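The file data38.cif contains mmCIF, C-alpha atoms and all ligand atoms:
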```cif
data_data
loop_
_atom_site.label_atom_id
_atom_site.label_comp_id
_atom_site.auth_asym_id
_atom_site.auth_seq_id
_atom_site.Cartn_x
_atom_site.Cartn_y
_atom_site.Cartn_z
CA MET A 262 101.92 82.21 88.93
CA SER A 263 102.54 80.52 85.59
CA ILE A 264 101.98 82.20 82.25
CA GLU A 265 100.99 80.45 79.07
CA LEU A 266 101.04 81.84 75.55
CA GLN A 267 99.19 79.84 72.92
CA LYS A 268 99.81 80.88 69.32
CA ILE A 269 99.86 84.58 70.17
CA THR A 270 99.76 86.71 67.01
CA LYS A 271 99.93 90.48 66.67
CA SER A 272 99.39 92.79 63.71
CA TYR A 273 99.31 96.57 63.65
CA ASP A 274 96.81 97.16 60.83
CA THR A 275 98.18 94.98 58.03
CA ASN A 276 101.68 94.80 59.49
CA LEU A 277 102.28 91.36 61.01
CA VAL A 278 104.69 91.75 63.94
CA LEU A 279 104.44 88.38 65.73
CA GLU A 280 102.98 85.07 64.63
CA ASP A 281 102.13 81.97 66.65
CA VAL A 282 104.25 82.65 69.72
CA SER A 283 103.75 79.77 72.15
CA VAL A 284 105.46 79.07 75.45
CA ARG A 285 104.66 78.07 79.01
CA ILE A 286 106.55 80.03 81.67
CA ALA A 287 106.73 78.32 85.05
CA THR A 288 106.17 79.88 88.47
CA GLY A 289 109.40 81.40 89.74
CA GLU A 290 111.10 81.26 86.40
CA PHE A 291 113.43 83.95 85.09
CA PHE A 292 112.45 84.03 81.43
CA ALA A 293 114.26 86.26 78.95
CA ILE A 294 112.86 87.42 75.61
CA VAL A 295 115.72 88.33 73.29
CA GLY A 296 116.02 89.56 69.74
CA PRO A 297 117.21 92.46 67.62
CA SER A 298 115.58 95.88 67.81
CA GLY A 299 112.14 95.91 66.20
CA CYS A 300 111.49 92.16 66.45
CA GLY A 301 108.44 92.64 68.67
CA LYS A 302 109.77 92.14 72.21
CA SER A 303 108.00 95.17 73.70
CA THR A 304 104.87 94.35 71.74
CA LEU A 305 104.80 90.87 73.27
CA LEU A 306 105.37 92.20 76.78
CA ARG A 307 102.62 94.82 76.39
CA MET A 308 100.18 92.13 75.31
CA ILE A 309 101.03 90.09 78.42
CA ALA A 310 100.54 93.23 80.52
CA GLY A 311 97.20 93.94 78.87
CA LEU A 312 98.24 97.36 77.55
CA ILE A 313 97.54 96.45 73.92
CA PRO A 314 95.08 93.91 72.49
CA ILE A 315 96.15 90.46 71.26
CA SER A 316 95.23 89.93 67.57
CA ALA A 317 94.91 86.14 67.84
CA GLY A 318 95.81 83.38 70.27
CA ILE A 319 95.25 82.72 73.96
CA LEU A 320 97.01 84.17 76.99
CA LYS A 321 96.63 82.41 80.33
CA ILE A 322 97.81 83.46 83.77
CA ASP A 323 97.54 80.69 86.34
CA GLU A 324 95.48 78.60 83.94
CA GLN A 325 92.87 81.38 83.47
CA VAL A 326 92.34 82.94 80.04
CA VAL A 327 93.05 86.65 80.54
CA ASN A 328 92.87 88.04 76.98
CA GLN A 329 90.06 90.41 77.98
CA LEU A 330 91.21 91.16 81.52
CA PRO A 331 92.25 94.81 82.13
CA PRO A 332 95.88 95.38 83.18
CA GLN A 333 95.14 96.26 86.82
CA ASP A 334 93.44 92.88 87.32
CA ARG A 335 96.34 90.79 85.96
CA LYS A 336 98.34 90.82 89.22
CA LEU A 337 101.58 91.85 87.60
CA THR A 338 103.96 94.78 87.74
CA MET A 339 106.21 96.36 85.16
CA VAL A 340 109.59 98.04 85.06
CA PHE A 341 110.46 99.91 81.89
CA GLN A 342 113.59 101.30 80.30
CA ASN A 343 112.39 104.82 81.05
CA TYR A 344 111.46 104.17 84.65
CA ALA A 345 109.05 107.05 85.12
CA LEU A 346 109.49 108.41 88.65
CA PHE A 347 107.47 111.39 89.82
CA PRO A 348 109.99 114.24 90.20
CA PHE A 349 108.11 116.04 93.01
CA LEU A 350 107.60 112.92 95.12
CA ASN A 351 110.40 111.55 97.26
CA VAL A 352 111.65 107.98 96.99
CA ALA A 353 109.23 106.51 99.56
CA GLU A 354 106.28 108.33 98.01
CA ASN A 355 107.24 107.09 94.58
CA VAL A 356 107.37 103.51 95.83
CA ALA A 357 104.04 103.94 97.65
CA PHE A 358 102.24 105.50 94.70
CA GLY A 359 100.72 102.36 93.19
CA LEU A 360 99.76 101.02 96.62
CA LYS A 361 97.82 104.14 97.57
CA ALA A 362 95.91 103.86 94.32
CA ARG A 363 94.88 100.40 95.49
CA ARG A 364 93.47 101.88 98.73
CA LEU A 365 95.54 99.76 101.09
CA ALA A 366 95.65 100.70 104.79
CA LYS A 367 98.26 103.33 105.70
CA ASP A 368 100.26 100.97 107.97
CA GLU A 369 100.31 98.29 105.33
CA VAL A 370 101.62 100.76 102.73
CA ALA A 371 104.34 102.04 105.07
CA GLN A 372 105.41 98.49 105.92
CA ARG A 373 105.66 97.40 102.29
CA VAL A 374 107.58 100.52 101.26
CA LYS A 375 110.05 99.98 104.09
CA GLN A 376 110.63 96.35 103.13
CA ALA A 377 110.98 97.12 99.45
CA LEU A 378 113.52 99.88 100.09
CA GLU A 379 115.50 97.57 102.35
CA LEU A 380 115.60 94.93 99.64
CA VAL A 381 117.08 97.32 97.11
CA ASN A 382 119.42 98.93 99.66
CA LEU A 383 117.79 102.35 99.54
CA SER A 384 116.50 102.69 103.14
CA ASP A 385 118.71 105.72 103.71
CA PHE A 386 117.38 107.46 100.61
CA ALA A 387 113.65 107.38 101.39
CA GLU A 388 113.38 111.16 101.75
CA ARG A 389 115.34 112.07 98.64
CA LYS A 390 113.91 113.34 95.40
CA PRO A 391 114.67 111.45 92.17
CA ARG A 392 116.97 114.23 90.93
CA GLU A 393 119.19 113.63 93.99
CA LEU A 394 119.82 110.03 92.94
CA SER A 395 122.21 108.39 90.47
CA GLY A 396 120.83 106.50 87.47
CA GLY A 397 121.34 103.18 89.22
CA GLN A 398 119.57 104.36 92.36
CA ARG A 399 116.62 105.59 90.31
CA GLN A 400 116.45 102.23 88.63
CA ARG A 401 116.39 100.61 92.06
CA VAL A 402 113.46 102.84 93.08
CA ALA A 403 111.59 101.52 90.05
CA LEU A 404 112.44 98.00 91.19
CA ALA A 405 111.31 98.77 94.74
CA ARG A 406 107.99 99.99 93.36
CA ALA A 407 107.53 96.68 91.55
CA ILE A 408 108.48 94.72 94.67
CA ALA A 409 106.19 96.70 96.98
CA SER A 410 103.20 95.91 94.81
CA ASP A 411 103.54 92.31 95.99
CA ALA A 412 102.60 90.98 92.56
CA LYS A 413 104.05 87.58 91.81
CA ILE A 414 104.70 88.33 88.16
CA CYS A 415 107.04 91.07 87.08
CA LEU A 416 107.60 92.25 83.51
CA MET A 417 110.77 94.17 82.68
CA ASP A 418 111.45 95.88 79.37
CA GLU A 419 115.16 96.63 78.89
CA PRO A 420 115.37 97.99 82.44
CA LEU A 421 119.16 98.42 82.37
CA SER A 422 119.71 99.90 78.94
CA ASN A 423 120.11 103.48 80.22
CA LEU A 424 122.85 102.58 82.69
CA ASP A 425 126.61 102.55 82.16
CA ALA A 426 128.39 99.23 81.69
CA GLN A 427 129.70 98.86 85.23
CA LEU A 428 126.38 99.58 86.89
CA ARG A 429 124.62 97.30 84.44
CA GLY A 430 126.81 94.43 85.57
CA LYS A 431 126.01 95.12 89.23
CA MET A 432 122.26 95.51 88.62
CA ARG A 433 122.16 92.25 86.66
CA SER A 434 123.16 90.24 89.70
CA GLU A 435 120.97 92.34 92.01
CA ILE A 436 117.86 91.74 89.92
CA ARG A 437 118.67 88.05 89.70
CA GLU A 438 119.09 87.82 93.50
CA LEU A 439 115.85 89.69 94.18
CA GLN A 440 113.97 87.51 91.74
CA GLN A 441 115.19 84.39 93.55
CA GLN A 442 114.58 85.81 97.00
CA LEU A 443 111.00 86.85 96.21
CA GLY A 444 110.22 83.81 94.07
CA LEU A 445 109.07 86.15 91.29
CA THR A 446 108.05 84.93 87.89
CA LEU A 447 110.06 87.39 85.83
CA ILE A 448 109.74 88.06 82.12
CA TYR A 449 112.73 90.10 81.08
CA VAL A 450 113.05 91.72 77.67
CA THR A 451 116.47 92.64 76.33
CA HIS A 452 118.32 93.01 73.04
CA ASP A 453 121.55 92.21 74.89
CA GLN A 454 122.54 88.58 74.45
CA VAL A 455 125.02 88.72 77.35
CA GLU A 456 122.32 89.96 79.73
CA ALA A 457 120.02 87.12 78.71
CA MET A 458 122.76 84.49 78.94
CA THR A 459 123.96 85.56 82.39
CA MET A 460 120.57 86.15 84.04
CA ALA A 461 117.90 83.86 82.64
CA ASP A 462 116.79 80.30 83.40
CA ARG A 463 115.44 80.11 79.85
CA ILE A 464 115.64 82.31 76.80
CA MET A 465 113.21 82.82 73.94
CA VAL A 466 114.79 84.17 70.76
CA LEU A 467 112.50 86.25 68.53
CA HIS A 468 113.24 87.23 64.93
CA ASP A 469 111.34 87.57 61.70
CA GLN A 470 107.91 87.47 63.44
CA HIS A 471 108.66 84.02 64.85
CA VAL A 472 110.13 82.22 67.83
CA GLN A 473 113.53 80.99 66.65
CA GLN A 474 114.34 78.91 69.72
CA ILE A 475 113.46 78.45 73.39
CA GLY A 476 116.04 76.93 75.72
CA SER A 477 118.46 77.28 78.60
CA PRO A 478 121.48 79.55 78.01
CA ALA A 479 123.66 76.43 77.50
CA GLN A 480 121.26 74.93 74.95
CA ILE A 481 121.01 78.21 73.06
CA TYR A 482 124.79 78.54 72.92
CA GLN A 483 125.78 74.94 72.27
CA GLN A 484 122.80 73.81 70.24
CA PRO A 485 121.49 76.79 68.27
CA GLN A 486 118.68 75.58 66.04
CA ASN A 487 119.57 77.81 63.13
CA THR A 488 122.24 80.21 61.90
CA PHE A 489 120.36 83.25 63.22
CA VAL A 490 120.56 82.00 66.81
CA ALA A 491 124.17 80.84 66.31
CA ASN A 492 125.13 84.31 65.09
CA PHE A 493 123.20 86.22 67.74
CA PHE A 494 124.84 84.58 70.77
CA GLY A 495 128.56 84.60 71.51
CA THR A 496 131.31 87.22 71.23
CA PRO A 497 133.24 87.16 68.99
CA GLN A 498 130.66 85.71 66.65
CA ILE A 499 130.61 82.10 65.56
CA ASN A 500 132.33 81.31 62.22
CA LEU A 501 129.98 80.02 59.52
CA LEU A 502 131.96 78.36 56.76
CA THR A 503 130.36 77.15 53.54
CA VAL A 504 131.38 73.65 52.49
CA GLN A 505 130.44 71.55 49.46
CA HIS A 506 129.91 68.03 50.67
CA ALA A 507 130.43 65.01 48.47
CA VAL A 508 129.38 61.90 50.35
CA SER A 509 132.28 61.04 52.65
CA ASP A 510 132.85 61.02 56.39
CA GLN A 511 134.10 64.56 56.60
CA LEU A 512 133.45 68.17 55.70
CA ALA A 513 136.69 69.81 54.51
CA LEU A 514 137.52 73.44 53.73
CA ASP A 515 141.08 72.48 52.71
CA SER A 516 143.46 69.66 53.53
CA PHE A 517 144.03 70.96 57.09
CA LEU A 518 140.75 72.48 58.22
CA LYS A 519 138.55 69.41 58.33
CA PHE A 520 135.51 68.28 60.30
CA GLU A 521 135.07 64.54 60.87
CA LEU A 522 131.41 63.52 60.74
CA PRO A 523 130.22 60.99 63.34
CA THR A 524 127.18 60.36 61.16
CA LYS A 525 126.49 60.49 57.42
CA LEU A 526 125.13 63.54 55.65
CA THR A 527 123.66 63.50 52.14
CA ALA A 528 125.64 65.29 49.44
CA GLY A 529 125.04 69.04 49.17
CA THR A 530 126.03 72.46 50.43
CA TYR A 531 126.34 72.99 54.18
CA GLN A 532 127.58 75.61 56.60
CA VAL A 533 129.88 74.52 59.40
CA GLY A 534 129.47 76.65 62.52
CA ILE A 535 132.54 76.75 64.74
CA ARG A 536 133.07 79.03 67.74
CA PRO A 537 136.25 81.16 67.60
CA GLY A 538 137.61 79.35 70.68
CA ASP A 539 137.32 75.97 68.97
CA LEU A 540 139.84 76.81 66.26
CA LEU A 541 143.55 76.21 66.76
CA VAL A 542 146.44 78.21 65.33
CA ASP A 543 150.07 77.32 64.71
CA PHE A 544 152.56 79.93 63.51
CA ASN A 545 155.51 77.48 63.33
CA GLN A 546 154.50 75.13 60.54
CA SER A 547 156.00 75.04 57.07
CA GLN A 548 152.60 74.22 55.60
CA THR A 549 149.97 76.90 56.19
CA ASN A 550 146.44 77.64 55.04
CA ALA A 551 145.74 81.23 56.15
CA ALA A 552 147.14 84.72 56.69
CA VAL A 553 146.58 87.18 59.57
CA ARG A 554 144.36 90.14 58.66
CA ASN A 555 144.00 91.81 62.04
CA LEU A 556 144.60 91.21 65.72
CA GLU A 557 142.41 92.45 68.60
CA TYR A 558 143.94 92.34 72.07
CA LEU A 559 141.19 92.05 74.70
CA GLY A 560 143.28 91.59 77.84
CA ASN A 561 142.32 88.05 78.80
CA GLN A 562 142.37 86.89 75.19
CA SER A 563 143.19 87.95 71.66
CA VAL A 564 141.04 87.62 68.57
CA ILE A 565 142.87 86.80 65.37
CA HIS A 566 141.08 87.78 62.19
CA ALA A 567 142.52 85.65 59.42
CA LYS A 568 141.77 84.89 55.80
CA LEU A 569 141.87 81.28 54.66
CA ASP A 570 143.61 80.70 51.31
CA HIS A 571 140.33 79.02 50.46
CA GLY A 572 138.77 82.51 50.61
CA GLU A 573 136.78 82.75 53.83
CA GLU A 574 137.42 85.19 56.67
CA ILE A 575 137.57 83.60 60.12
CA ARG A 576 137.81 84.68 63.76
CA ILE A 577 139.93 82.72 66.22
CA THR A 578 140.35 83.44 69.94
CA VAL A 579 143.60 82.57 71.71
CA ALA A 580 144.24 82.83 75.43
CA ASN A 581 147.42 84.83 75.34
CA HIS A 582 148.81 87.99 73.85
CA LEU A 583 150.46 87.21 70.53
CA ALA A 584 153.26 89.04 68.78
CA VAL A 585 152.08 88.51 65.24
CA GLY A 586 151.89 90.89 62.33
CA ILE A 587 149.52 91.49 59.45
CA ASN A 588 149.92 88.97 56.61
CA GLN A 589 151.84 86.53 58.81
CA ARG A 590 151.15 82.97 57.68
CA LEU A 591 149.53 80.42 59.98
CA LEU A 592 148.03 76.97 60.04
CA VAL A 593 144.39 76.85 61.20
CA THR A 594 142.88 73.57 62.38
CA ALA A 595 139.74 72.79 64.35
CA LYS A 596 138.80 71.01 67.56
CA PRO A 597 136.01 68.48 66.96
CA ASN A 598 133.32 70.84 68.32
CA PHE A 599 131.05 72.17 65.58
CA ILE A 600 127.53 72.49 64.21
CA VAL A 601 126.37 71.67 60.69
CA PHE A 602 123.60 73.77 59.13
CA ASP A 603 121.70 72.88 55.95
CA GLN A 604 120.81 75.22 53.09
CA GLN A 605 117.67 76.34 54.93
CA GLN A 606 120.02 77.57 57.72
CA ARG A 607 118.74 74.85 60.09
CA ALA A 608 120.99 72.86 62.39
CA VAL A 609 121.23 69.23 61.26
CA LEU A 610 124.14 68.01 63.38
CA PHE A 611 125.82 69.02 66.65
CA VAL A 612 129.27 67.58 67.34
CA ARG A 613 131.18 67.87 70.65
CA GLY A 614 134.43 66.06 71.32
CA GLY A 615 134.03 64.29 67.97
CA LYS A 616 130.70 62.75 69.02
CA GLN A 617 127.19 63.52 67.94
CA ASP A 618 125.56 65.68 70.60
CA GLY A 619 121.95 66.44 71.47
CA THR A 620 120.35 65.71 68.13
CA ASP A 621 117.20 64.96 70.10
CA GLN A 622 117.35 68.66 70.92
CA ILE A 623 116.73 69.64 67.33
CA GLN A 624 113.48 71.52 67.56
CA GLN A 625 111.00 72.49 64.92
CA PHE A 626 110.26 76.14 65.60
CA GLN A 627 110.84 77.01 61.97
CA GLN A 628 108.07 77.97 59.69
CA ALA A 629 107.54 75.23 57.14
P1 LIG B 1 111.26 95.70 70.00
O1 LIG B 1 110.74 96.01 71.37
O2 LIG B 1 111.69 94.28 69.82
O3 LIG B 1 112.35 96.64 69.58
P2 LIG B 1 108.61 96.56 69.16
O4 LIG B 1 107.71 95.57 69.81
O5 LIG B 1 108.73 97.89 69.79
O6 LIG B 1 110.06 95.89 68.95
O7 LIG B 1 108.14 96.78 67.65
C1 LIG B 1 107.94 95.71 66.77
C2 LIG B 1 107.43 96.21 65.44
O8 LIG B 1 106.13 96.74 65.58
C3 LIG B 1 108.27 97.34 64.85
O9 LIG B 1 108.34 97.15 63.47
C4 LIG B 1 107.49 98.58 65.19
O10 LIG B 1 107.70 99.58 64.24
C5 LIG B 1 106.05 98.08 65.16
N1 LIG B 1 105.20 98.82 66.11
C6 LIG B 1 105.37 98.91 67.45
N2 LIG B 1 104.37 99.63 68.03
C7 LIG B 1 103.54 100.01 67.04
C8 LIG B 1 102.31 100.75 66.99
N3 LIG B 1 101.76 101.26 68.09
N4 LIG B 1 101.75 100.93 65.76
C9 LIG B 1 102.28 100.41 64.64
N5 LIG B 1 103.44 99.70 64.62
C10 LIG B 1 104.06 99.48 65.79
MG MG B 2 111.36 97.42 72.80
#
```
So that I can check it, write out the structure of this file as structure tokens.
Ligand code: ADP
Ligand code: MG
Amino acid sequence: MSIELQKITKSYDTNLVLEDVSVRIATGEFFAIVGPSGCGKSTLLRMIAGLIPISAGILKIDEQVVNQLPPQDRKLTMVFQNYALFPFLNVAENVAFGLKARRLAKDEVAQRVKQALELVNLSDFAERKPRELSGGQRQRVALARAIASDAKICLMDEPLSNLDAQLRGKMRSEIRELQQQLGLTLIYVTHDQVEAMTMADRIMVLHDQHVQQIGSPAQIYQQPQNTFVANFFGTPQINLLTVQHAVSDQLALDSFLKFELPTKLTAGTYQVGIRPGDLLVDFNQSQTNAAVRNLEYLGNQSVIHAKLDHGEEIRITVANHLAVGINQRLLVTAKPNFIVFDQQQRAVLFVRGGKQDGTDQIQQFQQA
């Protein structure tokens, strides 16, 4: 079951929330919708579900226009953040609830409930009431309910946001496995960039009423189309360093922190985006260009917060634990992996290993 959005627009009264959202989601795809709180993720999902009207644009499911189709006829299921289970029904009854409403035969209902509970590893809990379950188990009941419905499209709105970090990690891989096993077309809304990166086949980034970028996790991370996307993905955050460019073959912050350009750029002001792991530090040089401001030890790596003499604050990750103190001097240089953004915050050049990379990937999702 494929889903196609053509220039979907939504306003609440005069308040424009989403404009011209277009994408084609393939059958069996795990598609994540990501963006900061309030950017319209739930609004978009509710329009796909048919719970709220679409202001403009066309929505197709399996090539059929469904704008006017009521939710129960759209052959999809939903799992929400506040997975509403009925407290007086046991687990099996909760899973069966939607099926009974559809007047399926008793045997058929029992069979589907059994299978769904097996898939989410809750067969032994069929008789329990929701209050006798942990948060993760309740979430799995909500998943089982979606699975039992046998719909080929599943919509999930921040389904893991009420769970603790450890359980979230476990549920991420469980949902991914189930999605693959059942061949579900899954549209998954989250504000959590890590969740989107680790689970999805493709990601759509929403911000400022518009689609900022659509791509695989690798494309989104390595070839962000603008500074918003670059900033949103990756921990610690990418460094964005402002550079005045006279026409030459490099962008230079100082005489050590320099970025060789494989292709010419016109004169002007640019931002160089460089991931914290693509900067190099040396504490044993007589010539230096920065001072340590802070050090975060994260176990498998450390993040150095430093201030360049040039004035900018930067983040650098190093693999080991460092014995360095505040104000200690260091030399910061860069690996030839970086992105150049223009004054409109748009990516104009991707460089990996000193070579121009994926410029054909530069998309035009921006408003003019
Ligand atoms: P997200 O799920 O990304 O956090 P929402 O889709 O819930 O964002 O909301 C997007 C914007 O639409 C917000 O500014 C919100 O205040 C507004 N909004 C959501 N629902 C309604 C509604 N029923 N009436 C008016 N404004 C709404
Ligand atoms: Mg929401």
Can you list, as a VMD selection string, every protein, DNA or RNA residue that comes within 10 Å of Val402 (chain A) when you count all atoms listed in the file, leaving out same-chain residues fewer than 5 positions away?
chain A and resid 344 346 352 to 353 355 to 356 377 to 378 381 to 383 386 to 387 391 394 396 to 397 407 to 408
Check which residues of chain A sit at most 7 Å from ligand LIG 1 (chain B) using all atoms listed in the file, and return one row each with the closest pair of atoms and their distance in Å to one decimal, ordered by chain and rising number, as a Markdown table.
```
| residue | atom | partner | partner_atom | distance |
| --- | --- | --- | --- | --- |
| A:Tyr273 | CA | B:LIG1 | C9 | 5.0 |
| A:Val278 | CA | B:LIG1 | C2 | 5.4 |
| A:Gly296 | CA | B:LIG1 | O2 | 6.4 |
| A:Pro297 | CA | B:LIG1 | O2 | 6.2 |
| A:Ser298 | CA | B:LIG1 | O3 | 3.8 |
| A:Gly299 | CA | B:LIG1 | O6 | 3.4 |
| A:Cys300 | CA | B:LIG1 | O2 | 4.0 |
| A:Gly301 | CA | B:LIG1 | O4 | 3.2 |
| A:Lys302 | CA | B:LIG1 | O2 | 3.7 |
| A:Ser303 | CA | B:LIG1 | O1 | 3.7 |
| A:Thr304 | CA | B:LIG1 | O4 | 3.6 |
| A:Leu305 | CA | B:LIG1 | O4 | 6.5 |
```
Which is closer to ligand MG 2 (chain B) than all the others in A:Asp453, A:Glu438, A:Glu369, A:Glu573, using all atoms listed in the file?
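Closest residue, counting all atoms listed in the file: A:Asp453.
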Neighbouring residues of Asp411 (chain A) were defined as those with any atom within 12 Å, considering all atoms listed in the file; residues of the same chain fewer than 6 positions away were excluded. Please report them as a PyMOL selection string.
chain A and resi 336-339+356-357+359-360+363+369-370+372-374+376-377+404-405+443-446
Find the spatial neighbours of Tyr482 (chain A), counting only C-alpha atoms, within a cut-off of 9 Å - ignore same-chain residues fewer than 6 positions away - and output them as JSON, numbers by chain.
{"A": [458, 490, 491, 494, 495]}
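Across the model, the gap from CA of Gln486 (chain A) to CA of Tyr531 (chain A) is 14.4 Å.
The shortest atom-to-atom distance to ligand MG 2 (chain B), with all atoms listed in the file taken into account, belongs to A:Tyr449 out of A:Pro331, A:Tyr449, A:Lys413, A:Phe347.
When CA of Lys390 (chain A) is paired with CA of Ala409 (chain A), their separation reads 18.4 Å.
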CA of Ile286 (chain A) and CA of Glu265 (chain A) are how many Å apart?
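Separating CA of Ile286 (chain A) from CA of Glu265 (chain A) is a distance of 6.2 Å.
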Best match for closeness to ligand MG 2 (chain B) among A:Ala345, A:Met460, A:Val326, A:Met417, counting all atoms listed in the file
A:Met417
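In this comparison, which uses only C-alpha atoms and all ligand atoms, the residue of A:Arg437, A:His452, A:Arg401, A:Lys431 approaching ligand MG 2 (chain B) most closely is A:His452.
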Show me as a PyMOL selection string the residues that reach within 12 Å of (149.7, 84.8, 72.3), counting only C-alpha atoms and using the file's own coordinates.
chain A and resi 541-544+556-565+577-586
Name the closest residue to Gly476 (chain A) among the candidates A:Thr451, A:Asn328, A:Cys415, A:Arg463; distances are taken between atoms, counting only C-alpha atoms.
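Smallest separation from Gly476 (chain A) among the options: A:Arg463.
When the distance limit is 10 Å and all atoms listed in the file are what count, the residues near Val601 (chain A), minus those fewer than 4 positions from it on the same chain, are Asn487, Thr488, Leu501, Leu502, Thr503, Val504, Leu512, Phe520, Leu522, Leu526, Tyr531, Gln532, Val533, Gly534, Ile535, Gln606, Arg607, Ala608, Val609, Leu610, Phe611 and Val612 of chain A.
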